[in-house]
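Novice: Pasting a structure below so you can have a look.
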Amino acid sequence: MKKISIIIPAYNEEESLSFLFERLNKITREIENYEFEILLVNDGSKDRTIEIIKEQRKQDNRISYVDLSRNFGKETAMIAGLDYAEGDAVIFMDADLQDPPELIPELIKYWEEGYDDVYARRKTRKGETFLKKFTSKMYYKILQKIAGMEIQRDTGDFRLLDRRCVNALRKLRESQRCTKSMFSWIGYKKKEVLYDREPRVAGKTKWNYLKLIDLAIDGITSFTTSPLRLATYISIPTFIILGVYFIYVIAKCFVVHMAIQAFQAIILLILFFSGIQILLFGIIGEYLGRIFVETKNRPLYLVNEYNGEKEKNEIK
Ligand code: UDP
Ligand code: MG
């Protein structure tokens, strides 16, 4: 029997957990022919989350948990979940039931059809402010442009991943993680499933705008080094302005027979030296970018199939 691990990162979710277990229990008992593992990653909760999980485990041996030493953030909790999951496939889900467990049969169906990454895309987002929806939409657009890679819009972490995707993600061990862009980076056969995003069942969102901005910046900087190229780009117009102004001053000097004035000389000097400085920053940035990419130690490529057999990316 195939095993599916449902990975649920939880941070201060004592209010949601009872609803979560109830809904999960119902749906997983309805699905036949699969064994389920419900893997909770307690991300350093300060409330009774871990006690509730332990109690639940006594009643239901399908429940297991990883208890992190402190709050590492959802991204890190997710990779911990991947490291401990035993299933042939994993499903990521939030603890607050914003991702409806009722979608699980559909995710499994497409997995059985041969898709490796079946991701749920939000049709609607209830209980979220206009500002949050708008900023999230803009962010996806910008990230996609900068990264030059297709990033699934309106898609959270709610998805089913085949074992080989899990192993691929486990190879990406950088500490500033942006899992959303990693799902795109690993590739493989993807399938979209639409759903309605529910409001939280209980408790409060763990995000605030500062945290979201951090996540957005991490997302951009962990994916691409192009912001470093900014210096190179700025130096080019600086040199163009310098050139134009230089020609103007010299021409005036010869045509009108006017001596170069002190302020003109100063402007020329400022433009020249600031141009050189920005250019040098740009060069440093280019090297820094390469070092950054190399230190991530990612595998250079991932194989889909070898001699007709699916590559599972096993870690030896
Ligand atoms: N979460 C976590 N660590 C954190 C913050 C959040 O594991 O530091 C979990 C949280 O328990 C929930 C999921 O990540 O299961 C999504 O968090 P939340 O619902 O607060 O985010 P939102 O849905 O508002 O984007
Ligand atoms: Mg939520």
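Quick note on naming: the chains in the structure tokens go A, B, ... in the order shown, residues restart at 1 in each chain, and ligands are numbered from 1 in order of appearance.
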Could you give me, as a short mmCIF file (atom, residue, chain, number, x, y, z; two decimals) with N, CA and C atoms, in the first residue's frame, each residue of region 37-268 of chain A that DSSP assigns to helix (DSSP H, G or I) when run on this structure's backbone?

Specialist:
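Dumped everything to states37.cif:
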```
data_model
loop_
_atom_site.label_atom_id
_atom_site.label_comp_id
_atom_site.auth_asym_id
_atom_site.auth_seq_id
_atom_site.Cartn_x
_atom_site.Cartn_y
_atom_site.Cartn_z
N THR A 49 0.22 23.65 21.80
CA THR A 49 0.21 22.90 20.54
C THR A 49 0.84 21.51 20.69
N ILE A 50 2.05 21.44 21.24
CA ILE A 50 2.76 20.15 21.29
C ILE A 50 2.06 19.16 22.22
N GLU A 51 1.49 19.65 23.32
CA GLU A 51 0.77 18.75 24.23
C GLU A 51 -0.43 18.14 23.51
N ILE A 52 -1.14 18.99 22.77
CA ILE A 52 -2.32 18.50 22.05
C ILE A 52 -1.92 17.44 21.03
N ILE A 53 -0.83 17.69 20.34
CA ILE A 53 -0.36 16.72 19.34
C ILE A 53 -0.01 15.39 20.02
N LYS A 54 0.69 15.46 21.13
CA LYS A 54 1.09 14.23 21.83
C LYS A 54 -0.12 13.44 22.31
N GLU A 55 -1.10 14.16 22.84
CA GLU A 55 -2.33 13.49 23.28
C GLU A 55 -3.00 12.77 22.11
N GLN A 56 -3.08 13.48 20.98
CA GLN A 56 -3.73 12.94 19.80
C GLN A 56 -3.00 11.70 19.30
N ARG A 57 -1.69 11.72 19.40
CA ARG A 57 -0.87 10.59 18.93
C ARG A 57 -1.18 9.31 19.72
N LYS A 58 -1.53 9.48 20.96
CA LYS A 58 -1.87 8.31 21.78
C LYS A 58 -3.11 7.60 21.24
N GLN A 59 -4.03 8.41 20.65
CA GLN A 59 -5.28 7.82 20.14
C GLN A 59 -5.14 7.35 18.69
N LYS A 74 8.03 29.15 9.04
CA LYS A 74 7.33 28.10 8.30
C LYS A 74 8.22 27.40 7.27
N GLU A 75 9.05 28.18 6.58
CA GLU A 75 9.87 27.60 5.53
C GLU A 75 10.78 26.49 6.07
N THR A 76 11.41 26.75 7.19
CA THR A 76 12.30 25.77 7.78
C THR A 76 11.51 24.60 8.35
N ALA A 77 10.35 24.90 8.93
CA ALA A 77 9.49 23.81 9.43
C ALA A 77 9.13 22.87 8.29
N MET A 78 8.94 23.43 7.10
CA MET A 78 8.56 22.60 5.96
C MET A 78 9.68 21.65 5.55
N ILE A 79 10.91 22.14 5.52
CA ILE A 79 12.01 21.24 5.12
C ILE A 79 12.23 20.17 6.19
N ALA A 80 12.03 20.54 7.45
CA ALA A 80 12.12 19.53 8.52
C ALA A 80 11.09 18.44 8.28
N GLY A 81 9.89 18.86 7.89
CA GLY A 81 8.83 17.90 7.58
C GLY A 81 9.24 16.97 6.45
N LEU A 82 9.84 17.55 5.41
CA LEU A 82 10.27 16.74 4.27
C LEU A 82 11.33 15.72 4.70
N ASP A 83 12.21 16.14 5.60
CA ASP A 83 13.28 15.24 6.05
C ASP A 83 12.72 14.06 6.83
N TYR A 84 11.62 14.26 7.53
CA TYR A 84 11.09 13.20 8.39
C TYR A 84 9.94 12.41 7.78
N PRO A 101 -8.95 19.94 3.44
CA PRO A 101 -8.49 18.55 3.28
C PRO A 101 -9.33 17.79 2.27
N GLU A 102 -10.54 18.29 2.00
CA GLU A 102 -11.43 17.59 1.06
C GLU A 102 -10.85 17.55 -0.35
N LEU A 103 -9.81 18.34 -0.58
CA LEU A 103 -9.19 18.36 -1.91
C LEU A 103 -8.20 17.21 -2.09
N ILE A 104 -7.86 16.55 -0.99
CA ILE A 104 -6.81 15.53 -1.03
C ILE A 104 -7.09 14.42 -2.07
N PRO A 105 -8.33 13.89 -2.14
CA PRO A 105 -8.57 12.84 -3.15
C PRO A 105 -8.23 13.29 -4.57
N GLU A 106 -8.53 14.55 -4.87
CA GLU A 106 -8.23 15.06 -6.22
C GLU A 106 -6.73 15.14 -6.45
N LEU A 107 -6.00 15.60 -5.41
CA LEU A 107 -4.55 15.68 -5.53
C LEU A 107 -3.98 14.29 -5.81
N ILE A 108 -4.49 13.30 -5.07
CA ILE A 108 -3.99 11.93 -5.23
C ILE A 108 -4.31 11.40 -6.62
N LYS A 109 -5.50 11.76 -7.10
CA LYS A 109 -5.93 11.27 -8.41
C LYS A 109 -4.92 11.68 -9.49
N TYR A 110 -4.52 12.96 -9.46
CA TYR A 110 -3.57 13.43 -10.47
C TYR A 110 -2.18 12.84 -10.26
N TRP A 111 -1.83 12.61 -9.02
CA TRP A 111 -0.55 11.96 -8.73
C TRP A 111 -0.51 10.58 -9.38
N GLU A 112 -1.63 9.85 -9.24
CA GLU A 112 -1.72 8.52 -9.83
C GLU A 112 -1.67 8.58 -11.36
N PHE A 130 -8.20 43.40 1.16
CA PHE A 130 -7.89 43.78 -0.21
C PHE A 130 -6.40 44.05 -0.36
N LEU A 131 -5.85 44.73 0.65
CA LEU A 131 -4.43 45.10 0.60
C LEU A 131 -3.54 43.85 0.51
N LYS A 132 -3.89 42.83 1.30
CA LYS A 132 -3.07 41.61 1.27
C LYS A 132 -3.16 40.92 -0.09
N LYS A 133 -4.38 40.89 -0.64
CA LYS A 133 -4.55 40.26 -1.94
C LYS A 133 -3.76 41.02 -3.01
N PHE A 134 -3.87 42.36 -2.94
CA PHE A 134 -3.22 43.20 -3.94
C PHE A 134 -1.70 43.07 -3.86
N THR A 135 -1.15 43.18 -2.63
CA THR A 135 0.31 43.11 -2.50
C THR A 135 0.82 41.74 -2.92
N SER A 136 0.07 40.70 -2.59
CA SER A 136 0.53 39.37 -2.95
C SER A 136 0.53 39.20 -4.47
N LYS A 137 -0.45 39.81 -5.14
CA LYS A 137 -0.52 39.72 -6.60
C LYS A 137 0.67 40.44 -7.24
N MET A 138 0.95 41.65 -6.73
CA MET A 138 2.07 42.42 -7.26
C MET A 138 3.38 41.67 -7.05
N TYR A 139 3.51 41.08 -5.86
CA TYR A 139 4.76 40.40 -5.53
C TYR A 139 5.04 39.25 -6.51
N TYR A 140 4.00 38.46 -6.79
CA TYR A 140 4.19 37.36 -7.74
C TYR A 140 4.67 37.88 -9.08
N LYS A 141 4.06 38.99 -9.50
CA LYS A 141 4.42 39.56 -10.81
C LYS A 141 5.89 39.95 -10.84
N ILE A 142 6.31 40.67 -9.77
CA ILE A 142 7.69 41.15 -9.71
C ILE A 142 8.67 39.98 -9.64
N LEU A 143 8.37 39.04 -8.77
CA LEU A 143 9.25 37.88 -8.59
C LEU A 143 9.44 37.15 -9.92
N GLN A 144 8.34 36.99 -10.62
CA GLN A 144 8.39 36.28 -11.89
C GLN A 144 9.29 37.00 -12.89
N LYS A 145 9.14 38.35 -12.94
CA LYS A 145 9.96 39.16 -13.85
C LYS A 145 11.43 39.04 -13.50
N ILE A 146 11.74 39.27 -12.22
CA ILE A 146 13.13 39.28 -11.79
C ILE A 146 13.77 37.91 -11.95
N ALA A 147 13.04 36.89 -11.56
CA ALA A 147 13.62 35.55 -11.56
C ALA A 147 13.69 34.97 -12.97
N ARG A 163 7.64 11.52 -4.24
CA ARG A 163 8.87 11.28 -3.47
C ARG A 163 10.10 11.90 -4.14
N ARG A 164 10.15 11.86 -5.47
CA ARG A 164 11.36 12.41 -6.09
C ARG A 164 11.45 13.92 -5.95
N CYS A 165 10.28 14.61 -5.91
CA CYS A 165 10.31 16.05 -5.64
C CYS A 165 10.78 16.29 -4.21
N VAL A 166 10.32 15.43 -3.31
CA VAL A 166 10.72 15.57 -1.91
C VAL A 166 12.23 15.46 -1.80
N ASN A 167 12.79 14.44 -2.46
CA ASN A 167 14.23 14.25 -2.39
C ASN A 167 14.97 15.39 -3.06
N ALA A 168 14.39 15.91 -4.14
CA ALA A 168 15.02 17.06 -4.81
C ALA A 168 15.04 18.26 -3.88
N LEU A 169 13.91 18.54 -3.24
CA LEU A 169 13.83 19.69 -2.33
C LEU A 169 14.79 19.51 -1.15
N ARG A 170 14.98 18.27 -0.74
CA ARG A 170 15.88 18.02 0.39
C ARG A 170 17.33 18.28 0.02
N LYS A 171 17.60 18.32 -1.28
CA LYS A 171 18.97 18.62 -1.70
C LYS A 171 19.25 20.13 -1.67
N THR A 179 10.58 28.53 -0.30
CA THR A 179 10.11 27.24 -0.83
C THR A 179 9.28 27.42 -2.10
N LYS A 180 8.54 28.51 -2.13
CA LYS A 180 7.68 28.75 -3.29
C LYS A 180 8.48 28.77 -4.59
N SER A 181 9.63 29.45 -4.57
CA SER A 181 10.43 29.48 -5.79
C SER A 181 11.14 28.16 -6.02
N MET A 182 11.37 27.41 -4.94
CA MET A 182 12.02 26.10 -5.11
C MET A 182 11.11 25.12 -5.85
N PHE A 183 9.81 25.21 -5.59
CA PHE A 183 8.88 24.33 -6.30
C PHE A 183 9.01 24.54 -7.80
N SER A 184 9.19 25.80 -8.21
CA SER A 184 9.37 26.08 -9.63
C SER A 184 10.73 25.58 -10.10
N TRP A 185 11.74 25.81 -9.26
CA TRP A 185 13.12 25.50 -9.67
C TRP A 185 13.30 24.01 -9.96
N ILE A 186 12.69 23.14 -9.14
CA ILE A 186 12.94 21.71 -9.33
C ILE A 186 12.30 21.18 -10.61
N TYR A 209 2.89 42.51 8.33
CA TYR A 209 3.47 43.03 7.10
C TYR A 209 4.99 43.01 7.10
N LEU A 210 5.59 43.22 8.28
CA LEU A 210 7.04 43.20 8.36
C LEU A 210 7.58 41.82 7.97
N LYS A 211 6.92 40.77 8.52
CA LYS A 211 7.33 39.40 8.21
C LYS A 211 7.16 39.10 6.72
N LEU A 212 6.05 39.63 6.16
CA LEU A 212 5.79 39.38 4.75
C LEU A 212 6.83 40.07 3.87
N ILE A 213 7.23 41.29 4.28
CA ILE A 213 8.25 42.00 3.51
C ILE A 213 9.57 41.23 3.57
N ASP A 214 9.90 40.73 4.77
CA ASP A 214 11.10 39.90 4.92
C ASP A 214 11.05 38.72 3.96
N LEU A 215 9.90 38.06 3.95
CA LEU A 215 9.75 36.89 3.10
C LEU A 215 9.91 37.28 1.63
N ALA A 216 9.33 38.42 1.26
CA ALA A 216 9.40 38.87 -0.12
C ALA A 216 10.86 39.14 -0.52
N ILE A 217 11.60 39.81 0.37
CA ILE A 217 13.00 40.12 0.06
C ILE A 217 13.82 38.84 -0.01
N ASP A 218 13.60 37.93 0.95
CA ASP A 218 14.28 36.64 0.91
C ASP A 218 13.98 35.92 -0.40
N GLY A 219 12.74 36.01 -0.80
CA GLY A 219 12.34 35.34 -2.03
C GLY A 219 13.13 35.85 -3.22
N ILE A 220 13.23 37.16 -3.33
CA ILE A 220 13.94 37.74 -4.47
C ILE A 220 15.43 37.47 -4.37
N THR A 221 16.02 37.71 -3.19
CA THR A 221 17.47 37.59 -3.09
C THR A 221 17.95 36.14 -3.08
N SER A 222 17.08 35.21 -2.67
CA SER A 222 17.56 33.83 -2.68
C SER A 222 17.41 33.22 -4.06
N PHE A 223 16.65 33.86 -4.88
CA PHE A 223 16.37 33.28 -6.18
C PHE A 223 17.29 33.84 -7.26
N SER A 226 20.16 39.37 -9.44
CA SER A 226 20.07 40.54 -10.32
C SER A 226 20.02 41.88 -9.58
N PRO A 227 19.53 41.97 -8.32
CA PRO A 227 19.64 43.27 -7.65
C PRO A 227 21.09 43.76 -7.54
N LEU A 228 22.03 42.81 -7.48
CA LEU A 228 23.44 43.20 -7.40
C LEU A 228 23.90 43.89 -8.67
N ARG A 229 23.20 43.61 -9.75
CA ARG A 229 23.59 44.17 -11.04
C ARG A 229 23.18 45.63 -11.15
N LEU A 230 22.38 46.07 -10.18
CA LEU A 230 21.89 47.44 -10.17
C LEU A 230 23.02 48.44 -10.34
N ALA A 231 24.13 48.23 -9.61
CA ALA A 231 25.26 49.16 -9.66
C ALA A 231 25.80 49.28 -11.08
N THR A 232 25.93 48.13 -11.74
CA THR A 232 26.41 48.15 -13.12
C THR A 232 25.48 48.98 -14.00
N TYR A 233 24.18 48.77 -13.78
CA TYR A 233 23.21 49.50 -14.59
C TYR A 233 23.25 51.00 -14.31
N ILE A 234 23.41 51.37 -13.05
CA ILE A 234 23.42 52.80 -12.72
C ILE A 234 24.67 53.48 -13.28
N SER A 235 25.78 52.75 -13.31
CA SER A 235 27.03 53.37 -13.77
C SER A 235 26.95 53.76 -15.24
N ILE A 236 26.17 53.00 -16.02
CA ILE A 236 26.11 53.29 -17.46
C ILE A 236 25.53 54.69 -17.74
N PRO A 237 24.32 55.02 -17.23
CA PRO A 237 23.82 56.39 -17.46
C PRO A 237 24.73 57.47 -16.87
N THR A 238 25.39 57.15 -15.75
CA THR A 238 26.31 58.13 -15.17
C THR A 238 27.41 58.48 -16.17
N PHE A 239 27.96 57.46 -16.81
CA PHE A 239 29.02 57.71 -17.79
C PHE A 239 28.48 58.42 -19.03
N ILE A 240 27.26 58.10 -19.40
CA ILE A 240 26.68 58.78 -20.57
C ILE A 240 26.52 60.27 -20.27
N ILE A 241 25.99 60.59 -19.08
CA ILE A 241 25.82 61.99 -18.70
C ILE A 241 27.18 62.68 -18.66
N LEU A 242 28.16 61.99 -18.10
CA LEU A 242 29.51 62.53 -18.04
C LEU A 242 30.01 62.87 -19.44
N GLY A 243 29.85 61.93 -20.37
CA GLY A 243 30.33 62.11 -21.73
C GLY A 243 29.66 63.31 -22.39
N VAL A 244 28.31 63.37 -22.27
CA VAL A 244 27.57 64.46 -22.91
C VAL A 244 28.02 65.80 -22.33
N TYR A 245 28.12 65.85 -21.02
CA TYR A 245 28.50 67.11 -20.37
C TYR A 245 29.94 67.50 -20.74
N PHE A 246 30.80 66.50 -20.82
CA PHE A 246 32.19 66.73 -21.17
C PHE A 246 32.29 67.36 -22.57
N ILE A 247 31.58 66.77 -23.51
CA ILE A 247 31.59 67.29 -24.88
C ILE A 247 31.06 68.72 -24.91
N TYR A 248 29.97 68.95 -24.14
CA TYR A 248 29.35 70.28 -24.08
C TYR A 248 30.35 71.31 -23.58
N VAL A 249 31.06 70.98 -22.49
CA VAL A 249 32.00 71.93 -21.88
C VAL A 249 33.16 72.20 -22.83
N ILE A 250 33.72 71.14 -23.41
CA ILE A 250 34.87 71.30 -24.30
C ILE A 250 34.48 72.09 -25.55
N ALA A 251 33.28 71.73 -26.08
CA ALA A 251 32.83 72.42 -27.29
C ALA A 251 32.67 73.91 -27.02
N LYS A 252 32.07 74.23 -25.90
CA LYS A 252 31.85 75.62 -25.52
C LYS A 252 33.19 76.34 -25.42
N CYS A 253 34.15 75.61 -24.87
CA CYS A 253 35.50 76.13 -24.68
C CYS A 253 36.12 76.56 -26.01
N PHE A 254 35.93 75.70 -27.03
CA PHE A 254 36.57 75.99 -28.33
C PHE A 254 35.73 76.91 -29.18
N VAL A 255 34.39 76.72 -29.17
CA VAL A 255 33.52 77.48 -30.08
C VAL A 255 33.36 78.91 -29.58
N ALA A 262 35.14 76.86 -12.83
CA ALA A 262 35.42 75.98 -11.68
C ALA A 262 34.28 75.00 -11.45
N PHE A 263 33.02 75.49 -11.48
CA PHE A 263 31.90 74.58 -11.16
C PHE A 263 31.77 73.49 -12.21
N GLN A 264 32.08 73.84 -13.47
CA GLN A 264 32.01 72.82 -14.52
C GLN A 264 33.06 71.74 -14.28
N ALA A 265 34.24 72.18 -13.90
CA ALA A 265 35.31 71.21 -13.61
C ALA A 265 34.90 70.30 -12.45
N ILE A 266 34.25 70.91 -11.46
CA ILE A 266 33.83 70.11 -10.29
C ILE A 266 32.77 69.09 -10.69
N ILE A 267 31.79 69.54 -11.48
CA ILE A 267 30.74 68.60 -11.92
C ILE A 267 31.37 67.44 -12.69
N LEU A 268 32.31 67.79 -13.59
CA LEU A 268 32.96 66.74 -14.37
C LEU A 268 33.68 65.74 -13.47
#
```

Novice: Residues within 8 Å of ligand 1 should be enumerated using only C-alpha atoms and all ligand atoms and returned as a PyMOL selection string.

Specialist: chain A and resi 8-13+41-44+71-75+77-78+93-96+98+200+204-207

Novice: Take the residues from that selection and write them out as a JSON list (two decimals), in the first residue's frame, keeping C-alpha atoms.

Specialist:
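Result file is selection-v2.json:
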```
[["chain", "number", "residue", "atom", "x", "y", "z"],
["A", 8, "ILE", "CA", 1.55, 20.30, 8.73],
["A", 9, "PRO", "CA", 3.73, 23.07, 10.16],
["A", 10, "ALA", "CA", 2.16, 24.44, 13.30],
["A", 11, "TYR", "CA", 3.03, 27.49, 15.32],
["A", 12, "ASN", "CA", 0.73, 28.42, 18.21],
["A", 13, "GLU", "CA", -2.20, 26.54, 16.72],
["A", 41, "VAL", "CA", 6.05, 20.00, 12.70],
["A", 42, "ASN", "CA", 5.79, 21.98, 15.87],
["A", 43, "ASP", "CA", 7.66, 25.17, 15.09],
["A", 44, "GLY", "CA", 8.53, 26.24, 18.62],
["A", 71, "ASN", "CA", 10.53, 28.91, 16.14],
["A", 72, "PHE", "CA", 12.41, 28.70, 12.84],
["A", 73, "GLY", "CA", 9.65, 29.99, 10.59],
["A", 74, "LYS", "CA", 7.33, 28.10, 8.30],
["A", 75, "GLU", "CA", 9.87, 27.60, 5.53],
["A", 77, "ALA", "CA", 9.49, 23.81, 9.43],
["A", 78, "MET", "CA", 8.56, 22.60, 5.96],
["A", 93, "MET", "CA", -1.12, 21.73, 4.54],
["A", 94, "ASP", "CA", -1.61, 24.63, 6.93],
["A", 95, "ALA", "CA", -2.83, 23.88, 10.42],
["A", 96, "ASP", "CA", -5.59, 26.49, 10.24],
["A", 98, "GLN", "CA", -7.35, 27.35, 5.08],
["A", 200, "ARG", "CA", -8.85, 30.51, 9.29],
["A", 204, "LYS", "CA", -4.85, 34.54, 14.39],
["A", 205, "THR", "CA", -2.57, 34.73, 11.37],
["A", 206, "LYS", "CA", 1.11, 34.48, 12.24],
["A", 207, "TRP", "CA", 2.02, 36.98, 9.57]]
```

Novice: Run DSSP on the backbone and tell me which residues of region 70-256 of chain A come out as strand (DSSP E); list them as a PyMOL selection string.

Specialist: chain A and resi 89-92+117-125+155-162+190-197

Novice: Can you measure CA of Glu309 (chain A) to CA of Ile4 (chain A) for me? One decimal in Å is fine.

Specialist: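 CA of Ile4 (chain A) lies 21.4 Å from CA of Glu309 (chain A).
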
Novice: Quick one: of A:Tyr188, A:Phe158, A:Tyr119, A:Phe272, who's nearest to ligand 2, counting only C-alpha atoms and all ligand atoms?

Specialist: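 So, comparing all the options, the nearest one is A:Phe158.
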
Novice: With distances taken over only C-alpha atoms, which residue among A:Asp196, A:Glu174, A:Glu150, A:Glu86 lies nearest Pro299 (chain A)?

Specialist: A:Glu174

Novice: Could you list, as a list in words, every residue within 7 Å of Leu39 (chain A), counting only C-alpha atoms and ignoring same-chain residues fewer than 3 positions away?

Specialist: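 The neighbour list is Ser5, Ile6, Ile7, Ile8, Ile63, Ser64, Tyr65 and Ala85 of chain A.
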